[in-house]
$ cat run.txt   # compact mmCIF, C-alpha atoms
# COMPACT_ATOMS: atom_id res chain seq x y z
CA MET A 132 7.03 9.75 27.80
CA THR A 133 10.57 11.10 27.90
CA LEU A 134 13.36 8.61 27.30
CA ARG A 135 16.78 9.47 28.70
CA ARG A 136 19.57 8.00 26.63
CA VAL A 137 23.32 8.14 27.22
CA VAL A 138 25.26 9.14 24.12
CA PRO A 139 29.06 9.05 23.81
CA VAL A 140 30.50 12.53 23.31
CA LYS A 141 33.86 14.24 22.89
CA LYS A 142 34.84 17.63 24.21
CA ILE A 143 36.04 20.02 21.53
CA LYS A 144 37.61 23.40 22.33
CA THR A 145 36.19 26.18 20.16
CA ALA A 146 36.43 29.98 20.14
CA GLU A 147 33.14 30.03 22.08
CA GLY A 148 34.43 27.56 24.66
CA VAL A 149 34.18 23.82 25.15
CA LYS A 150 31.49 22.07 23.06
CA PHE A 151 30.29 18.49 23.29
CA VAL A 152 29.98 16.67 19.95
CA THR A 153 28.81 13.22 18.91
CA THR A 154 28.11 11.35 15.70
CA VAL A 155 24.77 11.08 13.93
CA TYR A 156 25.22 7.30 14.15
CA ASP A 157 25.36 7.45 17.96
CA LEU A 158 22.28 9.70 18.08
CA ILE A 159 20.32 7.27 15.90
CA LEU A 160 21.55 4.27 17.88
CA ALA A 161 20.38 5.96 21.10
CA ASN A 162 16.81 5.91 19.75
CA TYR A 163 16.92 2.13 19.61
CA GLY A 164 17.68 1.88 23.31
CA ILE A 165 20.66 -0.39 22.80
CA ASP A 166 23.24 -0.52 25.56
CA THR A 167 26.53 0.59 24.02
CA GLY A 168 28.41 -0.13 27.22
CA ILE A 169 28.11 3.29 28.85
CA GLY A 170 24.83 2.80 30.70
CA GLY A 171 21.69 4.90 30.65
CA GLU A 172 18.06 3.90 30.37
CA CYS A 173 18.19 1.02 27.96
CA ALA A 174 17.05 -2.56 27.71
CA ASN A 175 19.31 -5.36 28.88
CA SER A 176 16.94 -8.13 27.79
CA TYR A 177 14.25 -8.83 25.21
CA GLU A 178 11.91 -9.30 28.15
CA ASN A 179 12.14 -5.63 29.16
CA ASP A 180 9.12 -3.44 28.54
CA THR A 181 11.34 -0.70 27.14
CA PRO A 182 10.32 1.24 24.00
CA TYR A 183 11.36 -0.42 20.72
CA ILE A 184 12.07 -3.80 22.34
CA PRO A 185 10.08 -6.83 21.09
CA ARG A 186 8.11 -7.23 24.34
CA TRP A 187 7.14 -3.53 24.28
CA GLN A 188 5.90 -3.50 20.67
CA GLU A 189 3.64 -6.51 21.24
CA LYS A 190 0.97 -4.47 23.03
CA PHE A 191 0.76 -1.99 20.13
CA THR A 192 1.05 -4.29 17.11
CA GLY A 193 -0.33 -7.59 18.37
CA VAL A 194 2.75 -9.33 16.94
CA LYS A 195 4.13 -11.69 19.57
CA ALA A 196 7.59 -10.75 20.87
CA ASP A 197 8.84 -14.29 20.17
CA MET A 198 7.87 -13.91 16.49
CA VAL A 199 9.72 -10.59 16.23
CA ILE A 200 12.82 -12.10 17.86
CA HIS A 201 12.63 -15.14 15.55
CA THR A 202 12.30 -12.92 12.44
CA VAL A 203 15.18 -10.67 13.47
CA ARG A 204 17.39 -13.69 14.11
CA GLU A 205 16.52 -15.09 10.66
CA PHE A 206 17.44 -11.76 9.04
CA SER A 207 20.66 -11.62 11.05
CA ASP A 208 21.58 -15.19 10.20
CA ASN A 209 21.00 -14.52 6.51
CA ALA A 210 23.06 -11.32 6.66
CA LEU A 211 25.95 -13.25 8.21
CA LYS A 212 25.79 -16.02 5.62
CA THR A 213 25.53 -13.59 2.67
CA HIS A 214 27.92 -10.93 3.97
CA GLY A 215 25.12 -8.40 4.36
CA ARG A 216 23.05 -9.19 1.31
CA THR A 217 19.70 -9.22 3.05
CA MET A 218 16.79 -7.54 1.32
CA VAL A 219 13.11 -7.01 1.99
CA ILE A 220 11.07 -7.95 -1.06
CA MET A 221 7.50 -6.78 -0.77
CA GLY A 222 4.86 -9.45 -0.91
CA GLY A 223 3.55 -12.19 1.28
CA GLY A 224 2.23 -10.77 4.52
CA TRP A 225 4.50 -7.72 4.68
CA THR A 226 3.03 -5.61 1.92
CA HIS A 227 1.32 -2.35 2.76
CA TYR A 228 -0.10 0.06 0.23
CA ILE A 229 1.48 3.15 1.80
CA VAL A 230 5.17 2.34 2.16
CA GLN A 231 6.11 -0.55 -0.11
CA GLU A 232 7.33 1.73 -2.88
CA LYS A 233 9.96 3.15 -0.54
CA LEU A 234 11.49 -0.27 0.10
CA ARG A 235 11.74 -1.47 -3.44
CA PRO A 236 15.01 -0.69 -5.20
CA ALA A 237 13.68 1.69 -7.85
CA GLU A 238 16.00 0.76 -10.72
CA GLY A 239 15.74 -3.01 -10.27
CA TRP A 240 11.99 -2.91 -9.72
CA ALA A 241 11.46 -0.63 -12.73
CA ARG A 242 13.22 -3.13 -15.02
CA LEU A 243 11.10 -6.02 -13.74
CA MET A 244 7.73 -4.31 -13.80
CA THR A 245 8.16 -2.68 -17.22
CA ALA A 246 10.20 -5.43 -18.95
CA THR A 247 12.48 -2.73 -20.35
CA ASP A 248 15.34 -5.18 -20.48
CA TRP A 249 13.51 -6.78 -23.44
CA GLN A 250 11.71 -3.86 -25.04
CA GLY A 251 10.99 -0.16 -24.73
CA GLY A 252 9.14 1.34 -21.80
CA ALA A 253 5.73 -0.10 -21.06
CA LYS A 254 2.76 1.56 -19.43
CA LEU A 255 3.52 1.88 -15.72
CA GLN A 256 1.23 0.37 -13.10
CA ASN A 257 0.63 2.42 -9.99
CA SER A 258 1.49 -0.32 -7.51
CA THR A 259 0.22 1.64 -4.50
CA SER A 260 -3.27 1.76 -6.04
CA TYR A 261 -2.98 -1.85 -7.11
CA PHE A 262 -2.33 -3.07 -3.56
CA TYR A 263 -5.02 -0.73 -2.19
CA PHE A 264 -7.67 -2.40 -4.32
CA ALA A 265 -6.26 -5.93 -4.77
CA THR A 266 -5.94 -6.49 -1.03
CA ASP A 267 -9.39 -4.99 -0.34
CA GLN A 268 -7.91 -2.34 1.93
CA TRP A 269 -10.33 0.15 0.37
CA ARG A 270 -13.10 -1.64 2.29
CA SER A 271 -11.57 -0.48 5.59
CA GLU A 272 -11.56 3.19 4.62
CA GLU A 273 -13.85 5.21 6.89
CA VAL A 274 -13.05 8.73 5.69
CA ASP A 275 -15.98 10.51 4.08
CA THR A 276 -14.35 12.79 1.50
CA LEU A 277 -17.51 14.74 0.67
CA PRO A 278 -16.93 17.45 3.33
CA LEU A 279 -13.33 17.81 2.12
CA VAL A 280 -14.17 18.50 -1.53
CA ALA A 281 -15.13 21.91 -2.91
CA GLN A 282 -18.84 22.31 -3.64
CA THR A 283 -18.00 23.24 -7.23
CA GLU A 284 -15.95 20.09 -7.87
CA LYS A 285 -17.54 17.60 -10.25
CA PRO A 286 -17.90 14.75 -9.57
CA ARG A 287 -18.05 14.90 -5.79
CA CYS A 288 -17.24 11.47 -4.38
CA ARG A 289 -17.61 10.11 -0.86
CA HIS A 290 -14.81 7.52 -0.92
CA PRO A 291 -11.05 8.08 -1.44
CA GLY A 292 -10.95 5.06 -3.75
CA ASP A 293 -13.32 6.81 -6.17
CA TYR A 294 -10.75 9.56 -6.67
CA ASP A 295 -8.05 6.95 -7.29
CA VAL A 296 -10.19 5.38 -10.01
CA LEU A 297 -10.89 8.80 -11.57
CA ALA A 298 -7.17 9.59 -11.61
CA ALA A 299 -6.42 6.28 -13.33
CA ARG A 300 -9.04 6.97 -16.01
$ encode --input "run.txt" --output "structure tokens"
Amino acid sequence: MTLRRVVPVKKIKTAEGVKFVTTVYDLILANYGIDTGIGGECANSYENDTPYIPRWQEKFTGVKADMVIHTVREFSDNALKTHGRTMVIMGGGWTHYIVQEKLRPAEGWARLMTATDWQGGAKLQNSTSYFYFATDQWRSEEVDTLPLVAQTEKPRCRHPGDYDVLAAR
């Protein structure tokens, strides 16, 4: 599917002739399909079945559009009340063993998980592996790693979780 977005541009005269330029911000905003007042193919309602709109995502994620809208409004309301101090803290139902480490503020999280504000550095816990096993996501793994491992490798395991355990040992 090709999405046609309208992006605001300025004409700049260069030695090679006239060039059209825009900001990275406007290019990123165009991906969200938000109407910036200059038209184009974009949603004008949450009810539209336009990519990246709550109604559209429902068929892919199973999350009801009304729940997405409610959550976004809660985040927005909190951001207004706190002057932008809204933060995603992993836990509850939003944790995922692949990307949570990218959302945590590294310095703040490191101090909490290692208690280095009270003592020297502690042994670090690989939180990605922790969530993988603690939430039983390893049970959903269907990849057979045996064909991917060299014949000379010892031990040769069939499950990705086995290699995680070996690495921890």
$ atom_distance --input "run.txt" --atom1 "CA of Arg204 in chain A" --atom2 "CA of Asp166 in chain A"
18.4 Å
$ atom_distance --input "run.txt" --atom1 "CA of Gly292 in chain A" --atom2 "CA of Phe264 in chain A"
8.2 Å
$ atom_distance --input "run.txt" --atom1 "CA of Thr154 in chain A" --atom2 "CA of His214 in chain A"
25.2 Å
$ closest_residue --input "run.txt" --among "A:Tyr263, A:Leu134, A:Asp293, A:Leu211" --to "Leu277 in chain A" --atoms "all atoms listed in the file"
A:Asp293
$ residues_around --input "run.txt" --residues "Lys150 in chain A" --least-positions-apart "5" --cutoff "10 Å" --atoms "only C-alpha atoms" --output "number ranges by chain"
A: 140-145
$ closest_residue --input "run.txt" --among "A:Val203, A:Thr213, A:Val137, A:Thr276" --to "Cys288 in chain A" --atoms "all atoms listed in the file"
A:Thr276
$ closest_residue --input "run.txt" --among "A:Tyr177, A:Tyr163, A:Ala299, A:Thr283" --to "Glu189 in chain A" --atoms "all atoms listed in the file"
A:Tyr177
$ closest_residue --input "run.txt" --among "A:Gly193, A:Gly168, A:Gly215, A:Pro291" --to "Ser271 in chain A" --atoms "only C-alpha atoms"
A:Pro291
$ closest_residue --input "run.txt" --among "A:Phe206, A:Gln268, A:Arg136, A:Tyr261" --to "Ile159 in chain A" --atoms "all atoms listed in the file"
A:Arg136
$ closest_residue --input "run.txt" --among "A:Glu205, A:Ala161, A:Gly170, A:Ser176" --to "Thr217 in chain A" --atoms "all atoms listed in the file"
A:Glu205
$ residues_around --input "run.txt" --residues "Thr167 in chain A" --least-positions-apart "4" --cutoff "10 Å" --atoms "all atoms listed in the file" --output "MDAnalysis selection string"
chainID A and resid 137:139 157 160:161 171 173
